[in-house]
>>> print(open('target_27.cif').read())   # mmCIF, C-alpha atoms and all ligand atoms
data_final
loop_
_atom_site.label_atom_id
_atom_site.label_comp_id
_atom_site.auth_asym_id
_atom_site.auth_seq_id
_atom_site.Cartn_x
_atom_site.Cartn_y
_atom_site.Cartn_z
CA MET A 640 100.47 -29.90 9.73
CA THR A 641 96.79 -30.28 8.84
CA VAL A 642 95.51 -28.46 5.76
CA THR A 643 92.20 -28.50 4.03
CA SER A 644 92.37 -29.50 0.38
CA ILE A 645 89.89 -30.23 -2.32
CA ASN A 646 90.41 -32.72 -5.09
CA ASN A 647 89.61 -30.41 -8.01
CA LYS A 648 88.50 -33.13 -10.43
CA ASP A 649 86.05 -34.67 -7.93
CA GLN A 650 84.78 -31.21 -7.05
CA GLU A 651 84.18 -30.37 -10.71
CA GLU A 652 82.27 -33.62 -11.17
CA ASN A 653 80.16 -32.92 -8.08
CA ASP A 654 79.40 -29.43 -9.34
CA ARG A 655 78.16 -30.68 -12.69
CA PRO A 656 74.76 -32.41 -12.80
CA LYS A 657 74.82 -35.89 -14.32
CA HIS A 658 71.16 -35.81 -15.25
CA ILE A 659 69.14 -32.70 -16.14
CA VAL A 660 65.39 -32.71 -16.73
CA VAL A 661 63.55 -29.81 -18.38
CA VAL A 662 59.97 -28.54 -18.58
CA MET A 663 60.15 -26.39 -21.72
CA ASP A 664 57.39 -23.91 -20.92
CA GLY A 665 56.45 -20.53 -22.39
CA ASN A 666 56.26 -21.16 -26.15
CA GLY A 667 52.67 -19.93 -26.36
CA ARG A 668 53.37 -16.71 -24.45
CA TRP A 669 56.51 -16.05 -26.49
CA ALA A 670 54.39 -16.19 -29.67
CA LYS A 671 51.53 -14.15 -28.18
CA LYS A 672 53.93 -11.34 -27.27
CA ARG A 673 54.84 -11.16 -30.96
CA PHE A 674 51.23 -11.40 -32.21
CA MET A 675 52.04 -14.76 -33.73
CA PRO A 676 50.11 -18.06 -33.51
CA ARG A 677 51.04 -20.38 -30.61
CA THR A 678 52.50 -22.87 -33.10
CA ALA A 679 55.15 -20.29 -34.05
CA GLY A 680 56.23 -20.41 -30.41
CA HIS A 681 56.63 -24.19 -30.59
CA HIS A 682 58.73 -23.83 -33.75
CA ALA A 683 60.92 -21.27 -31.99
CA GLY A 684 61.10 -23.69 -29.04
CA VAL A 685 62.72 -26.32 -31.25
CA LYS A 686 65.71 -23.97 -31.76
CA SER A 687 66.22 -23.72 -28.00
CA THR A 688 65.89 -27.49 -27.72
CA ARG A 689 68.64 -27.94 -30.31
CA LYS A 690 70.88 -25.45 -28.50
CA ILE A 691 70.40 -27.07 -25.09
CA VAL A 692 71.18 -30.51 -26.49
CA GLU A 693 74.43 -29.08 -27.97
CA GLU A 694 75.27 -27.37 -24.68
CA SER A 695 74.65 -30.60 -22.78
CA VAL A 696 77.03 -32.46 -25.10
CA LYS A 697 79.63 -29.70 -24.66
CA ASN A 698 79.29 -29.74 -20.88
CA LYS A 699 79.58 -33.56 -20.79
CA ILE A 700 76.18 -34.02 -19.18
CA GLN A 701 75.36 -37.72 -19.00
CA ALA A 702 71.58 -37.47 -19.47
CA LEU A 703 69.04 -34.87 -20.54
CA THR A 704 65.31 -35.54 -20.27
CA LEU A 705 62.89 -33.16 -22.01
CA PHE A 706 59.14 -32.89 -21.42
CA ALA A 707 57.84 -32.42 -24.96
CA PHE A 708 54.19 -33.51 -24.54
CA SER A 709 52.34 -34.46 -21.40
CA SER A 710 49.46 -36.92 -21.05
CA GLU A 711 47.34 -33.83 -20.31
CA ASN A 712 48.40 -31.87 -23.44
CA TRP A 713 45.78 -33.77 -25.51
CA LYS A 714 43.27 -31.38 -23.91
CA ARG A 715 44.69 -28.45 -25.95
CA PRO A 716 42.81 -27.19 -29.04
CA GLU A 717 42.80 -29.88 -31.73
CA GLN A 718 44.64 -27.64 -34.16
CA GLU A 719 47.51 -27.05 -31.70
CA VAL A 720 47.78 -30.78 -30.91
CA SER A 721 47.95 -31.75 -34.58
CA SER A 722 50.47 -29.03 -35.28
CA LEU A 723 52.63 -30.27 -32.40
CA MET A 724 52.45 -33.81 -33.81
CA GLU A 725 53.59 -32.52 -37.22
CA LEU A 726 56.39 -30.61 -35.51
CA PHE A 727 57.60 -33.74 -33.68
CA VAL A 728 57.75 -35.67 -36.96
CA SER A 729 59.56 -32.89 -38.82
CA THR A 730 61.96 -32.21 -35.93
CA LEU A 731 62.96 -35.85 -35.58
CA GLN A 732 63.40 -35.98 -39.34
CA SER A 733 65.60 -32.87 -39.47
CA GLU A 734 67.64 -33.53 -36.31
CA ILE A 735 68.27 -37.27 -36.45
CA ASN A 736 71.57 -37.10 -38.38
CA SER A 737 72.97 -34.27 -36.34
CA LEU A 738 72.08 -36.06 -33.09
CA HIS A 739 73.73 -39.23 -34.38
CA LYS A 740 76.86 -37.28 -35.39
CA GLN A 741 77.06 -35.83 -31.88
CA ASN A 742 77.01 -39.42 -30.50
CA VAL A 743 73.68 -38.75 -28.76
CA ARG A 744 71.56 -41.75 -27.81
CA VAL A 745 67.87 -40.85 -28.10
CA ARG A 746 65.14 -42.65 -26.19
CA PHE A 747 61.48 -41.88 -25.56
CA ILE A 748 59.35 -42.26 -22.47
CA GLY A 749 55.55 -42.22 -22.37
CA GLU A 750 52.64 -43.98 -24.04
CA ILE A 751 53.93 -43.94 -27.61
CA SER A 752 51.14 -46.23 -28.89
CA ALA A 753 48.68 -43.29 -28.80
CA PHE A 754 50.55 -41.54 -31.64
CA SER A 755 50.05 -41.81 -35.40
CA GLU A 756 51.84 -44.57 -37.30
CA LYS A 757 53.99 -41.90 -38.94
CA LEU A 758 55.23 -40.47 -35.64
CA GLN A 759 55.71 -43.92 -34.11
CA LYS A 760 57.83 -44.86 -37.13
CA LYS A 761 60.04 -41.75 -36.71
CA ILE A 762 60.41 -42.47 -32.99
CA LYS A 763 61.47 -46.04 -33.76
CA GLU A 764 63.94 -44.93 -36.46
CA THR A 765 65.52 -42.33 -34.17
CA LYS A 766 65.82 -44.80 -31.32
CA GLU A 767 67.30 -47.52 -33.51
CA LEU A 768 69.79 -45.31 -35.37
CA THR A 769 71.23 -43.91 -32.15
CA GLU A 770 70.99 -46.90 -29.83
CA ASN A 771 74.70 -47.71 -29.83
CA ASN A 772 75.79 -44.12 -29.25
CA THR A 773 77.74 -43.55 -26.06
CA GLY A 774 77.50 -39.78 -25.53
CA LEU A 775 74.60 -37.78 -24.11
CA GLN A 776 71.55 -39.90 -23.27
CA LEU A 777 68.64 -37.81 -24.52
CA ASN A 778 65.20 -38.85 -23.28
CA ILE A 779 62.15 -37.27 -24.84
CA ALA A 780 59.01 -37.53 -22.75
CA VAL A 781 55.94 -37.66 -24.99
CA ASN A 782 52.42 -38.51 -23.83
CA TYR A 783 54.13 -38.94 -20.48
CA GLY A 784 52.74 -38.36 -17.00
CA GLY A 785 54.40 -39.11 -13.67
CA ARG A 786 51.24 -40.68 -12.25
CA TRP A 787 50.94 -42.89 -15.34
CA ASP A 788 54.60 -43.92 -14.83
CA ILE A 789 53.96 -44.96 -11.22
CA ALA A 790 50.73 -46.77 -12.15
CA GLU A 791 52.61 -48.73 -14.85
CA ALA A 792 55.28 -49.67 -12.30
CA CYS A 793 52.53 -50.90 -9.94
CA LYS A 794 51.00 -53.04 -12.70
CA SER A 795 54.38 -54.65 -13.48
CA ILE A 796 55.04 -55.37 -9.81
CA VAL A 797 51.58 -56.90 -9.28
CA LYS A 798 52.08 -59.10 -12.35
CA LYS A 799 55.35 -60.40 -10.86
CA ILE A 800 53.61 -61.08 -7.55
CA GLN A 801 50.88 -63.03 -9.37
CA LEU A 802 53.56 -65.10 -11.12
CA GLY A 803 55.19 -65.78 -7.75
CA GLU A 804 58.40 -63.96 -8.80
CA LEU A 805 58.00 -61.32 -6.06
CA GLN A 806 56.28 -61.11 -2.68
CA VAL A 807 54.34 -58.17 -1.22
CA CYS A 808 57.03 -57.77 1.45
CA ASP A 809 59.64 -57.20 -1.33
CA ILE A 810 58.00 -53.86 -2.20
CA ASP A 811 60.10 -50.90 -1.12
CA ALA A 812 61.43 -47.70 -2.73
CA GLU A 813 64.42 -49.48 -4.29
CA LEU A 814 62.13 -52.04 -5.94
CA ILE A 815 59.81 -49.35 -7.33
CA ASP A 816 62.91 -47.56 -8.71
CA GLU A 817 63.51 -50.65 -10.84
CA PHE A 818 60.13 -50.35 -12.54
CA VAL A 819 59.69 -46.63 -13.28
CA CYS A 820 60.95 -44.89 -16.44
CA LEU A 821 64.66 -43.89 -16.62
CA LYS A 822 65.65 -46.63 -14.15
CA GLN A 823 68.90 -47.16 -16.05
CA LEU A 824 70.08 -43.56 -15.43
CA PRO A 825 71.25 -41.61 -12.38
CA GLU A 826 68.35 -39.89 -10.64
CA PRO A 827 67.77 -36.34 -11.96
CA ASP A 828 70.14 -33.87 -10.26
CA LEU A 829 68.73 -30.69 -11.75
CA PHE A 830 65.16 -29.85 -12.79
CA ILE A 831 64.77 -26.74 -14.95
CA ARG A 832 61.41 -25.13 -15.68
CA THR A 833 61.20 -22.08 -17.91
CA GLY A 834 58.23 -19.75 -18.32
CA GLY A 835 57.79 -18.55 -14.75
CA GLU A 836 55.50 -21.25 -13.35
CA MET A 837 56.71 -22.94 -10.19
CA ARG A 838 55.25 -26.41 -10.42
CA ILE A 839 56.23 -29.91 -11.44
CA SER A 840 53.13 -30.57 -13.62
CA ASN A 841 53.17 -34.36 -13.23
CA PHE A 842 56.71 -34.73 -14.66
CA LEU A 843 58.82 -37.55 -13.20
CA ILE A 844 57.17 -37.15 -9.79
CA TRP A 845 58.76 -40.32 -8.39
CA GLN A 846 62.23 -39.59 -9.79
CA LEU A 847 62.38 -35.95 -8.58
CA ALA A 848 62.41 -36.78 -4.85
CA TYR A 849 65.90 -35.28 -4.26
CA THR A 850 66.33 -33.16 -7.38
CA GLU A 851 67.37 -29.49 -7.15
CA LEU A 852 64.56 -27.36 -8.60
CA TYR A 853 65.46 -24.35 -10.78
CA PHE A 854 62.72 -22.02 -12.01
CA THR A 855 63.24 -19.11 -14.39
CA ASP A 856 60.91 -16.52 -15.91
CA VAL A 857 62.72 -16.83 -19.25
CA LEU A 858 60.37 -18.28 -21.89
CA TRP A 859 61.60 -21.48 -23.55
CA PRO A 860 62.30 -19.92 -26.99
CA ASP A 861 64.58 -17.38 -25.23
CA PHE A 862 66.38 -20.03 -23.16
CA LYS A 863 69.79 -20.35 -24.86
CA SER A 864 73.45 -21.02 -23.87
CA GLU A 865 73.66 -18.14 -21.38
CA GLU A 866 70.52 -19.18 -19.51
CA PHE A 867 71.69 -22.79 -19.48
CA SER A 868 75.04 -21.73 -17.99
CA ALA A 869 73.18 -19.70 -15.35
CA ALA A 870 71.24 -22.82 -14.35
CA LEU A 871 74.48 -24.89 -14.21
CA ASN A 872 76.18 -22.20 -12.08
CA TRP A 873 73.20 -22.08 -9.72
CA TYR A 874 73.38 -25.89 -9.41
CA ALA A 875 77.13 -25.79 -8.66
CA GLY A 876 76.35 -23.61 -5.64
CA ARG A 877 73.84 -26.03 -4.16
CA GLN A 878 74.76 -28.32 -1.29
CA ARG A 879 73.10 -31.71 -1.81
CA ARG A 880 72.41 -33.28 1.54
CA PHE A 881 70.03 -36.21 0.90
CA GLY A 882 68.79 -35.97 4.50
CA LYS A 883 72.27 -35.59 6.07
CA THR A 884 73.63 -32.49 7.82
CA GLY A 885 75.69 -29.85 6.03
CA GLU A 886 78.80 -30.88 7.98
CA GLN A 887 78.42 -34.52 6.97
CA VAL A 888 78.42 -33.73 3.27
CA GLU A 889 80.97 -30.88 3.28
CA PRO A 890 83.13 -31.73 0.25
CA THR A 891 86.41 -30.48 1.74
CA GLN A 892 88.81 -33.13 2.97
CA THR A 893 91.27 -32.94 5.81
CA GLN A 894 94.63 -34.19 4.72
CA GLN A 895 97.85 -34.79 6.69
CA VAL A 896 100.97 -33.41 5.00
C1 LIG B 901 54.88 -25.76 -23.40
O1 LIG B 901 54.73 -24.38 -23.70
C2 LIG B 901 55.50 -26.47 -24.53
C3 LIG B 901 55.00 -27.59 -25.14
C4 LIG B 901 53.76 -28.26 -24.73
C5 LIG B 901 55.68 -28.19 -26.30
C6 LIG B 901 57.18 -28.28 -26.19
C7 LIG B 901 57.73 -28.79 -27.44
C8 LIG B 901 58.82 -28.31 -28.06
C9 LIG B 901 59.64 -27.22 -27.55
C10 LIG B 901 59.27 -28.98 -29.31
C11 LIG B 901 60.45 -29.89 -29.00
C12 LIG B 901 60.50 -30.98 -29.97
C13 LIG B 901 61.05 -32.21 -29.73
C14 LIG B 901 60.97 -33.27 -30.78
C15 LIG B 901 61.76 -32.53 -28.47
P1 LIG B 901 53.25 -23.76 -23.68
O2 LIG B 901 52.62 -23.97 -25.01
O3 LIG B 901 52.47 -24.37 -22.55
O4 LIG B 901 53.54 -22.25 -23.41
P2 LIG B 901 52.59 -21.22 -22.62
O5 LIG B 901 52.60 -21.67 -21.19
O6 LIG B 901 53.27 -19.91 -22.81
O7 LIG B 901 51.24 -21.29 -23.24
#
>>> encode(input="target_27.cif", output="structure tokens")
Amino acid sequence: MTVTSINNKDQEENDRPKHIVVVMDGNGRWAKKRFMPRTAGHHAGVKSTRKIVEESVKNKIQALTLFAFSSENWKRPEQEVSSLMELFVSTLQSEINSLHKQNVRVRFIGEISAFSEKLQKKIKETKELTENNTGLQLNIAVNYGGRWDIAEACKSIVKKIQLGELQVCDIDAELIDEFVCLKQLPEPDLFIRTGGEMRISNFLIWQLAYTELYFTDVLWPDFKSEEFSAALNWYAGRQRRFGKTGEQVEPTQTQQV
């Protein structure tokens, strides 16, 4: 007799994203609705960030990448930028031990050298304290831009060509993958953007080629466990095809019994 069966463990693993990336948008609007300064929204956003890290640990997500500050965010009012910088320092300071206790490995992507000595020191401390942790890989994108990431990869490849270590004909998508940020991790499975906008905003534009895109109107400070579960449930219902047909990737197996 032929029956259709599903290996439950494999199915569960397929249903759960290995790598989630998040654009944490809507802090300013959250504050405005409450007649508070925009910076109050960023402070409230930190609480959601903490919660989502905890949820990711609980749900055994391999990697979580958060867009905390884009290369373009320098264009914001000076007072907001400096307040965000202060917030990054104080957040790393207050969260470092808890992240370490949760076995989270923290890394940063972006042009860190543009930051103050104080912030660079905190970034270094956080990275070093957690570098041997084996749980959630948390990547914080700061002064990051997807176009910058690709341009940096191009520079590194050209340097190797000049040194004779690579040839122009070696350049293909797999090679570029080796030079962009997050190369050591699985490609993002799930992209979440809060705050109602439906755009990528120069985040990981190379890496998102096959990522499932989830947009929600919920503002980042209101995005907590329930909203995170909703995003995970939505993802579990997606069929990832990577260019194949639905029949080719159907996860059911035909088994002879
Ligand atoms: C976008 O909302 C949010 C930011 C530019 C900052 C996000 C930073 C945090 C949540 C702090 C996290 C801290 C660490 C260390 C990871 P917006 O200001 O553009 O909101 P709006 O669209 O409503 O104006």
>>> residues_near_ligand(input="target_27.cif", ligand="ligand LIG 901 (chain B)", cutoff="7 Å", atoms="all atoms listed in the file", output="list in words")
Met663, Asp664, Gly665, Asn666, Gly667, Arg668, Trp669, Arg677, His681, His682, Gly684, Val685, Thr688, Leu705, Phe706, Ala707, Phe708, Asn712, Leu726, Phe727, Thr730, Leu731, Ile779 and Gly834 of chain A
>>> closest_residue(input="target_27.cif", among="A:Ile796, A:Met724, A:Ala753, A:Ile748", to="Asn778 in chain A", atoms="all atoms listed in the file")
A:Ile748
>>> atom_distance(input="target_27.cif", atom1="CA of Leu821 in chain A", atom2="CA of Val661 in chain A")
14.2 Å
>>> closest_residue(input="target_27.cif", among="A:Val660, A:Arg832, A:Cys793, A:Ile839", to="Val807 in chain A", atoms="only C-alpha atoms")
A:Cys793
>>> atom_distance(input="target_27.cif", atom1="CA of Asp809 in chain A", atom2="CA of Tyr783 in chain A")
27.0 Å
>>> residues_near_point(input="target_27.cif", point="(74.1, -26.1, -25.5)", cutoff="10 Å", atoms="only C-alpha atoms", output="mmCIF file with C-alpha atoms, in the coordinates of the input")
data_model
loop_
_atom_site.group_PDB
_atom_site.id
_atom_site.type_symbol
_atom_site.label_atom_id
_atom_site.label_comp_id
_atom_site.auth_asym_id
_atom_site.auth_seq_id
_atom_site.Cartn_x
_atom_site.Cartn_y
_atom_site.Cartn_z
ATOM 1 C CA SER A 687 66.220 -23.720 -28.000
ATOM 2 C CA THR A 688 65.890 -27.490 -27.720
ATOM 3 C CA ARG A 689 68.640 -27.940 -30.310
ATOM 4 C CA LYS A 690 70.880 -25.450 -28.500
ATOM 5 C CA ILE A 691 70.400 -27.070 -25.090
ATOM 6 C CA VAL A 692 71.180 -30.510 -26.490
ATOM 7 C CA GLU A 693 74.430 -29.080 -27.970
ATOM 8 C CA GLU A 694 75.270 -27.370 -24.680
ATOM 9 C CA SER A 695 74.650 -30.600 -22.780
ATOM 10 C CA VAL A 696 77.030 -32.460 -25.100
ATOM 11 C CA LYS A 697 79.630 -29.700 -24.660
ATOM 12 C CA ASN A 698 79.290 -29.740 -20.880
ATOM 13 C CA LYS A 863 69.790 -20.350 -24.860
ATOM 14 C CA SER A 864 73.450 -21.020 -23.870
ATOM 15 C CA GLU A 865 73.660 -18.140 -21.380
ATOM 16 C CA GLU A 866 70.520 -19.180 -19.510
ATOM 17 C CA PHE A 867 71.690 -22.790 -19.480
ATOM 18 C CA SER A 868 75.040 -21.730 -17.990
#
>>> atom_distance(input="target_27.cif", atom1="CA of Ala870 in chain A", atom2="CA of Gln887 in chain A")
25.4 Å
>>> closest_residue(input="target_27.cif", among="A:Asp788, A:Asp811, A:Glu717, A:Glu756", to="Ile844 in chain A", atoms="only C-alpha atoms")
A:Asp788
>>> residues_around(input="target_27.cif", residues="range 767-771 of chain A", least_positions_apart="6", cutoff="10 Å", atoms="only C-alpha atoms", output="list in words")
Ile735, Asn736, Leu738, His739, Lys740, Gln741, Asn742, Val743, Arg744, Val745, Arg746 and Lys761 of chain A
>>> residues_around(input="target_27.cif", residues="Ile831 in chain A", least_positions_apart="4", cutoff="12 Å", atoms="all atoms listed in the file", output="JSON list (two decimals) with C-alpha atoms, in the frame of the given file")
[["chain", "number", "residue", "atom", "x", "y", "z"],
["A", 656, "PRO", "CA", 74.76, -32.41, -12.80],
["A", 658, "HIS", "CA", 71.16, -35.81, -15.25],
["A", 659, "ILE", "CA", 69.14, -32.70, -16.14],
["A", 660, "VAL", "CA", 65.39, -32.71, -16.73],
["A", 661, "VAL", "CA", 63.55, -29.81, -18.38],
["A", 662, "VAL", "CA", 59.97, -28.54, -18.58],
["A", 663, "MET", "CA", 60.15, -26.39, -21.72],
["A", 664, "ASP", "CA", 57.39, -23.91, -20.92],
["A", 691, "ILE", "CA", 70.40, -27.07, -25.09],
["A", 703, "LEU", "CA", 69.04, -34.87, -20.54],
["A", 704, "THR", "CA", 65.31, -35.54, -20.27],
["A", 705, "LEU", "CA", 62.89, -33.16, -22.01],
["A", 706, "PHE", "CA", 59.14, -32.89, -21.42],
["A", 827, "PRO", "CA", 67.77, -36.34, -11.96],
["A", 835, "GLY", "CA", 57.79, -18.55, -14.75],
["A", 836, "GLU", "CA", 55.50, -21.25, -13.35],
["A", 837, "MET", "CA", 56.71, -22.94, -10.19],
["A", 838, "ARG", "CA", 55.25, -26.41, -10.42],
["A", 839, "ILE", "CA", 56.23, -29.91, -11.44],
["A", 842, "PHE", "CA", 56.71, -34.73, -14.66],
["A", 847, "LEU", "CA", 62.38, -35.95, -8.58],
["A", 850, "THR", "CA", 66.33, -33.16, -7.38],
["A", 851, "GLU", "CA", 67.37, -29.49, -7.15],
["A", 852, "LEU", "CA", 64.56, -27.36, -8.60],
["A", 853, "TYR", "CA", 65.46, -24.35, -10.78],
["A", 854, "PHE", "CA", 62.72, -22.02, -12.01],
["A", 855, "THR", "CA", 63.24, -19.11, -14.39],
["A", 856, "ASP", "CA", 60.91, -16.52, -15.91],
["A", 857, "VAL", "CA", 62.72, -16.83, -19.25],
["A", 858, "LEU", "CA", 60.37, -18.28, -21.89],
["A", 859, "TRP", "CA", 61.60, -21.48, -23.55],
["A", 862, "PHE", "CA", 66.38, -20.03, -23.16],
["A", 866, "GLU", "CA", 70.52, -19.18, -19.51],
["A", 867, "PHE", "CA", 71.69, -22.79, -19.48],
["A", 868, "SER", "CA", 75.04, -21.73, -17.99],
["A", 869, "ALA", "CA", 73.18, -19.70, -15.35],
["A", 870, "ALA", "CA", 71.24, -22.82, -14.35],
["A", 871, "LEU", "CA", 74.48, -24.89, -14.21],
["A", 873, "TRP", "CA", 73.20, -22.08, -9.72],
["A", 874, "TYR", "CA", 73.38, -25.89, -9.41]]
>>> residues_around(input="target_27.cif", residues="Asp654 in chain A", least_positions_apart="5", cutoff="9 Å", atoms="only C-alpha atoms", output="list of chain:residue names")
A:Asp649, A:Leu871, A:Asn872, A:Tyr874, A:Ala875, A:Gly876, A:Arg877
>>> write_last_selection(input="target_27.cif", atoms="C-alpha atoms", output="PDB file, keeping the file's coordinate frame")
ATOM      1  CA  ASP A 649      86.050 -34.670  -7.930  1.00  0.00           C
ATOM      2  CA  LEU A 871      74.480 -24.890 -14.210  1.00  0.00           C
ATOM      3  CA  ASN A 872      76.180 -22.200 -12.080  1.00  0.00           C
ATOM      4  CA  TYR A 874      73.380 -25.890  -9.410  1.00  0.00           C
ATOM      5  CA  ALA A 875      77.130 -25.790  -8.660  1.00  0.00           C
ATOM      6  CA  GLY A 876      76.350 -23.610  -5.640  1.00  0.00           C
ATOM      7  CA  ARG A 877      73.840 -26.030  -4.160  1.00  0.00           C
TER       8      ARG A 877
END
